[in-house]
Structure formats: C-alpha cells, structure tokens
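K.L.:
Quick one: the structure is below, and I'll ask about it shortly.
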Amino acid sequence: MPKTFTQIPLTRPSTPLLDTLTSPAELRRLPASQLERVVDELREYLLYAVGQSGGHFGAGLGVVELTVALHYLYNTPDDRLVWDVGHQCYPHKILTGRQEALTSIRQQHGLSGFPKRSESEYDTFGVGHSSTSISAALGMALGAEMAGSERRAVAIIGDGAMTAGQAFEAMSHAAHTRSNLLVILNDNNMSISHNVGGLSNYFARIWASKSYIALREGGKKVLSTMPAAWDFIRRTEESMKNMVSPDMLFEAIGFNYIGPIDGHNIDELVRTLGNMRSLEGPQLLHVYTTKGKGFAPAEADPVGYHAINKIEPKVQVAAPAKPAAPKYQDVFGQWLCDMAAEDPRLVAITPAMCEGSGMVPFSEQYPARFHDVAICEQHAVTLAGGLACEAQKPVVAIYSTFLQRGYDQLIHDVALQDLDVTFALDRAGLVGEDGATHGGVFDLAYLRTVPNMIVAAPSDENECRQLLTSAYQHSGPAAVRYPRGTGPGVEIRQPLEPLPVGKSRLLQEGTQVAILAFGALTGAALEAGKSLNATVIDMRWVKPLDRDAIIRAAGSHNLIVTVEDHQLMGGAGSAVNELLNEEGVVMDVMNLALPDHFIHHGKRDTLLAEAGLDATSIEQRIRQRLSRQPLPKAQEN
C-alpha cells in the first residue's frame with residue numbers, strides 16, 4: 001500500500017532509486033517488485049517539488065501509480081500517452097527526465113504546468129482545456145495504422161472531463177474505426193459507480209486476460225452461425241458483467257470495458273494493463289483513485305488542495321495594516337448573491353467552475369437557482385438561452401478562455417435571438433502561471449464582432465460590480481470581462497448602481513496625448529499619464545464605445561493611445577481605429593496591446609512588463625512616439 005504523508009517536506013527527500021531513472025526506458029529495466037518503491041519515492045518527491053514551486057497538487061498525487069504502470073508497460077515515447085487537461089502530468093514529467101526541473105514548474109522560463117509538445121517528446125499533445133484526449137489519441141492511433149506502425153495510443157481522462165460532449169463524440173468515432181485505442185477513465189470521485197472491491201478486481205483481471213479474450217472472441221465467431229446458442233451466450237456474458245460492472249454504457253458505445261480496478265494497487269495495474277496492451281480495437285479501463293492520494297490533508301480536502309502556493313518557511317510578520325483586497329471572483333460572487341436577493345428571476349450557470357468563479361455562497365443560498373453543468377461549455381450557453389426564453393435572467397459565469405468553446409452557441413443560440421443572457425468572464429487577460437492555455441486574451445476580438453452584444457471592461461472592483469449591474473439590467477446579451485486575482489483595492493459600494501452603457505469617465509485632463517484605457521491596465525495607464533501630463537480616460541465599454549469622448553479627444557490632442565490587456569489584432573484598439581476611420585478622423589494613433597504570439601507562463605506583472613504594458617513601458621513607448629517629428633493637431637471632419 002502507498003505511504004501516507006502528513007506534511008510537505010521543505011528539504012529535498014532522499015530518493016535514491018528515483019534518481020537513477022532519467023528516462024522511462026530505465027524504469028522498464030526494473031523488476032516489477034521494485035515499482036512500489038518507485039511509487040513511494042515519486043510521491044514524496046512530488047510533494048517536495050510542488051511545495052517548492054506551487055502548482056497543481058491533488059490530481060498528480062492521485063495518478064502516481066497509474067503513471068508508473070503506464071511508462072513501465074508502454075514503450076514511450078514511441079507509444080503515445082495523452083493526458084487530458086494536464087493537471088495530473090507532474091509525475092509523468094518527473095519520470096521523463098524532468099525531475100530536478102520540476103521545482104521550476106509554472107515559473108517563467110521553467111516547466112509548463114501542462115503537457116507541452118515543445119518541452120518534451122514524451123508530451124505527445126498539448127492540453128489545458130479538458131476532454132480532448134480521446135480525440136487526439138484516436139488521431140494518433142489512426143496515424144499509426146496509416147504508417148503501418150505497431151505503436152499504441154492511450155488516452156487518460158478523468159470522470160469530470162468525461163462529462164463533456166467531445167469525449168463521447170470521439171468514443172463514438174473510435175468504435176466506428178475499430179482502431180487500437182486504450183482509454184483509461186480515472187474516476188477519482190466514484191461518480192460513475194461505487195461497485196468496487198476484490199470481486200470487481202477479480203473479474204476485471206479475468207476480462208482482461210488473453211485466455212478470456214481468445215475464448216470470448218473465438219466463441220463469438222463459432223456461435224454466430226448458431227442463433228439460439230449465440231443469443232444465450234451473449235445474454236449470459238451481459239448478465240455476468242452486470243453483476244460486477246459499474247455501467248454498460250461504454251460497451252453499448254462499442255468499447256470493451258474492463259474494471260473498475262484499484263488505481264493505487266500497482267501490482268493490479270501492471271497485471272491488467274499488461275494484459276490489455278495487446279488487445280485489438282477500442283478498450284476502456286476504468287480505474288478508481290483518490291485525489292491527493294498519499295497526503296492526508298489533500299485526501300480530506302481535494303478541492304482545497306487542487307493547487308497550492310509555494311510553501312514558505314514560517315516567519316513572524318507584523319499584522320497587515322488593512323485587510324487584503326478581495327479577488328475579482330469574490331466581487332462577482334457577492335454581486336451575484338446581492339442581485340439574486342433583489343431579482344428572483346436570476347439563475348446562475350457555470351461549467352464546473354463553482355469555486356474558481358466565487359459561486360459557492362450563491363450555490364448554498366440559492367441551490368434551486370444554481371446549475372453547475374460540468375465541463376460542458378456549449379450546453380451552459382444554450383441552457384442560458386433556453387432559460388431566457390422563459391423570462392428568466394441567466395448569468396453564465398465562465399473563464400474567458402473557456403467561453404471560446406461555446407462561441408458557436410453564443411452566436412446562434414443567444415446573440416442571433418437577442419436573448420437576455422449576462423456573461424461574467426473571469427480570468428480575462430493574462431493569467432500568469434497557468435500560461436497560454438488559460439489566457440483570456442481573445443474575448444474582445446470574438447465578442448465585439450457579434451451583433452447585439454455589449455461588452456464591458458471594468459478598471460477596478462467597484463466598477464466591476466457596477467458594470468455587472470449594467471450588463472444584467474440590459475435587455476439582451478452582455479459580457480463583463482475582469483482579470484484573475486485582486487484589483488487596485490478601491491472601496492466597494494454596496495448599492496447595486498448601474499453605469500450608463502457606452503459611457504466612459506475622465507480620470508485626468510492633459511495635453512497633447514490622450515490615453516484611452518480599457519479594463520485592468522487603467523491603473524498603469526493613469527500612472528504613465530501623470531508623468532506625461534496626458535489626458536487619461538477610463539473607457540469602461542469596448543462595445544459600444546463612447547464615441548463622443550473619442551471624437552473630443554481626437555480633436556484636442558496630437559496622439560491617441562489605446563491600452564488593453566488583450567491581443568492587438570481585433571481588440572479594443574482596433575475598435576477605436578475603426579471608429580476614427582468611420583468618422584473620417586485622420587491622426588496619429590498608437591495601439592498598445594499584447595503581441596501576436598502566445599505568451600506562456602510566468603508572473604503576470606513580469607509578463608506584462610515584457611509585453612511593454614506596465615506603467616514604465618507605457619510611458620517610454622509613448623515618449624518614443626512623441627520624439628518623432630511633431631504632427632499637426634488632428635481635425636474632426
């Protein structure tokens with residue numbers, strides 16, 4: 001049985017066997033009797049490494065045995081392992097030559113927190129969003145067939161990710177192709193079944209054994225010509241499996257279902273996977289695991305230990321002068337409860353982001369008006385559209401990067417019908433350590449092109465609350481984007497006060513330069529504007545723009561500068577350019593935004609500085625533009 005730890009080690013543990021395993025090939029040279037020791041050392045080192053760096057925690061601890069078994073039995077990297085989402089890939093990285101580098105995970109220039117093809121040949125598919133592994137692994141299996149290769153493809157997917165439609169679309173296609181694909185369902189909540197134990201493990205071994213497979217398949221061929229006997233054998237097999245199998249769904253789809261088995265029993269895993277490796281056609285192995293396995297606090301609180309911060313030595317510190325500023329997700333959560341108290345029509349929807357979006361208080365106070373639809377972004381958006389058809393007021397809380405998955409539904413099922421749905425877009429802009437897969441840097445471009453949509457970008461916590469109210473009271477589709485983490489720490493007024501749609505506010509009156517700031521970078525823009533004696537405007541709205549404010553600024557300044565935490569192309573700056581062009585205004589315009597490449601993991605402030613979007617860089621870039629030959633004052637046509 002795996003060891004259980006109660007503390008995260010602050011000093012590097014002794015892992016003499018693990019230290020010799022610089023590649024899976026060396027793991028495969030070990031006798032099976034030593035795998036339990038590898039498991040213990042791997043788990044202890046994982047605790048230490050994540051404590052040093054911070055990062056995703058519980059999921060990796062839960063798949064230590066499974067990771068060891070897979071690399072032990074499969075000829076990686078020639079055989080393809082595809083990890084769904086990727087939160088659980090830390091043990092995989094340790095076993096594939098990145099052990100010492102793991103302490104740099106999610107840090108700038110360090111390892112990615114997710115599988116990343118450019119990082120290692122063992123990372124066969126880049127992920128970050130869920131439910132893609134079966135599709136990708138099936139593509140690899142089909143590619144192997146086309147190349148005449150015997151290599152195998154394995155998709156490892158969690159029970160949460162299995163709720164998404166793409167997973168079942170891929171399984172349906174896999175059953176049609178009859179490709180050699182193994183799907184491992186890592187069930188760490190027993191959400192599919194509680195029917196586990198010794199008897200299940202016994203029958204799972206029998207079903208996966210070569211003799212049973214040969215007998216079953218051979219018998220089918222013989223008895224298929226004898227309808228009565230064939231029907232009897234088929235019904236007998238189904239009855240036997242129903243006695244110990246958790247669900248016949250996967251068999252009905254077309255997969256040979258094996259399990260469930262104990263995902264923390266390394267001997268059981270090696271025996272079963274060893275038997276399954278050579279099976280033909282689509283296979284599904286159901287393993288049950290415990291998230292946070294081996295670390296008692298994480299086993300008791302798997303949600304709280306999904307990810308952890310870097311463990312710092314305890315030191316005596318003075319009490320803070322004032323309470324820490326609330327996170328934007330908590331500002332939204334409080335607004336949601338307050339608005340629900342005023343309007344009984346409010347219904348909140350989230351695709352598996354209840355905790356991350358600050359919705360726990362709402363779910364407890366208004367359980368009948370709360371819907372966590374699991375990892376089903378498309379369904380979440382269309383569900384909101386259906387509720388709006390019945391005169392309800394749905395609010396969809398979703399990370400900016402995840403709304404990309406429901407873009408078709410946003411257009412066709414909400415905006416086209418001008419339905420009254422409010423979208424609260426969390427994690428807009430750069431998200432820091434989670435990197436490019438989670439960055440919400442495309443939402444303005446894909447939202448502002450959609451007719452009937454209005455889009456707001458608050459500059460602080462109180463404005464976020466006000467603009468959420470404005471969006472909610474607007475009769476039609478509306479979105480409010482706000483960043484991860486805390487804001488500038490302004491006082492939050494309790495009344496639910498809306499702000500006029502499409503109206504900005506003047507923060508500072510200046511000369512020569514007008515800075516139009518959108519959203520989270522307004523503070524940096526104002527700091528730069530003070531040094532430049534520039535006019536600074538908090539635009540608040542990306543769609544509709546405050547046309548009058550922009551035209552006035554163009555008529556009284558030599559240079560307009562737009563600032564936003566979004567991709568340059570298609571963003572708020574592009575919208576300003578379009579407005580000036582439409583109005584026939586010819587003048588110098590400078591758009592400051594994120595460059596045209598994916599920005600990977602690191603501290604958000606550092607990444608913004610590298611992109612030229614901190615206060616110092618904004619000032620320097622504007623001064624550089626002003627150093628050119630002076631331009632004539634712009635005139636309005």
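Going through the structure tokens in order, the chains are called A, B, and so on, while each chain numbers its residues from 1 and the ligands are numbered from 1 in the order shown.
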Would you list, as a VMD selection string, the residues of range 273-506 of chain A that end up in strand (DSSP E) under DSSP run on this structure's backbone?

P.N.:
chain A and resid 283 to 288 307 to 308 346 to 350 370 to 372 393 to 399 422 to 426 454 to 456 478 to 481 505 to 506

K.L.:
Counting only C-alpha atoms, which residues in range 263-380 of chain A sit no more than 8 Å from range 250-255 of chain A? For each one, give the nearest pair of atoms and the distance in Å, sorted by chain then residue number, as JSON lines.

P.N.:
{"residue": "A:Gly281", "atom": "CA", "partner": "A:Phe255", "partner_atom": "CA", "distance": 7.9}
{"residue": "A:Pro282", "atom": "CA", "partner": "A:Phe255", "partner_atom": "CA", "distance": 5.2}
{"residue": "A:Gln283", "atom": "CA", "partner": "A:Phe255", "partner_atom": "CA", "distance": 5.2}
{"residue": "A:Leu284", "atom": "CA", "partner": "A:Phe255", "partner_atom": "CA", "distance": 6.2}

K.L.:
Let's see if you can do this: from backbone DSSP, list all alpha helix (DSSP H) residues in range 404-612 of chain A, as a count of residues only.

P.N.:
62

K.L.:
Record the distance separating CA of Arg552 in chain A and CA of Ala534 in chain A, expressed in Å with one decimal.

P.N.:
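We find that CA of Arg552 in chain A and CA of Ala534 in chain A lie 14.2 Å from each other.
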
K.L.:
Can you tell me which residues surround Asp159 in chain A at a distance of at most 12 Å, considering only C-alpha atoms, apart from same-chain residues fewer than 3 positions away, and format the answer as JSON, numbers by chain?

P.N.:
{"A": [84, 85, 130, 131, 156, 162, 163, 164, 167, 183, 184, 185, 186, 187, 188, 189, 190, 191, 192, 193, 286, 287, 288, 289, 291, 374, 375]}

K.L.:
Please list as a VMD selection string every residue within 10 Å of range 426-436 of chain A, counting only C-alpha atoms and excluding residues in the same chain fewer than 5 positions away.

P.N.:
chain A and resid 54 to 56 105 to 108 112 to 114 128 328 to 329 332 356 to 358 397 to 403 441 to 444 457 480 to 485 519 to 521 564 to 567 594 597 to 608

K.L.:
Compile the contact shell of Val64 in chain A as number ranges by chain: residues with an atom at most 8 Å away, counting only C-alpha atoms, same-chain residues fewer than 5 positions apart removed.

P.N.:
A: 39, 42-43, 91, 264
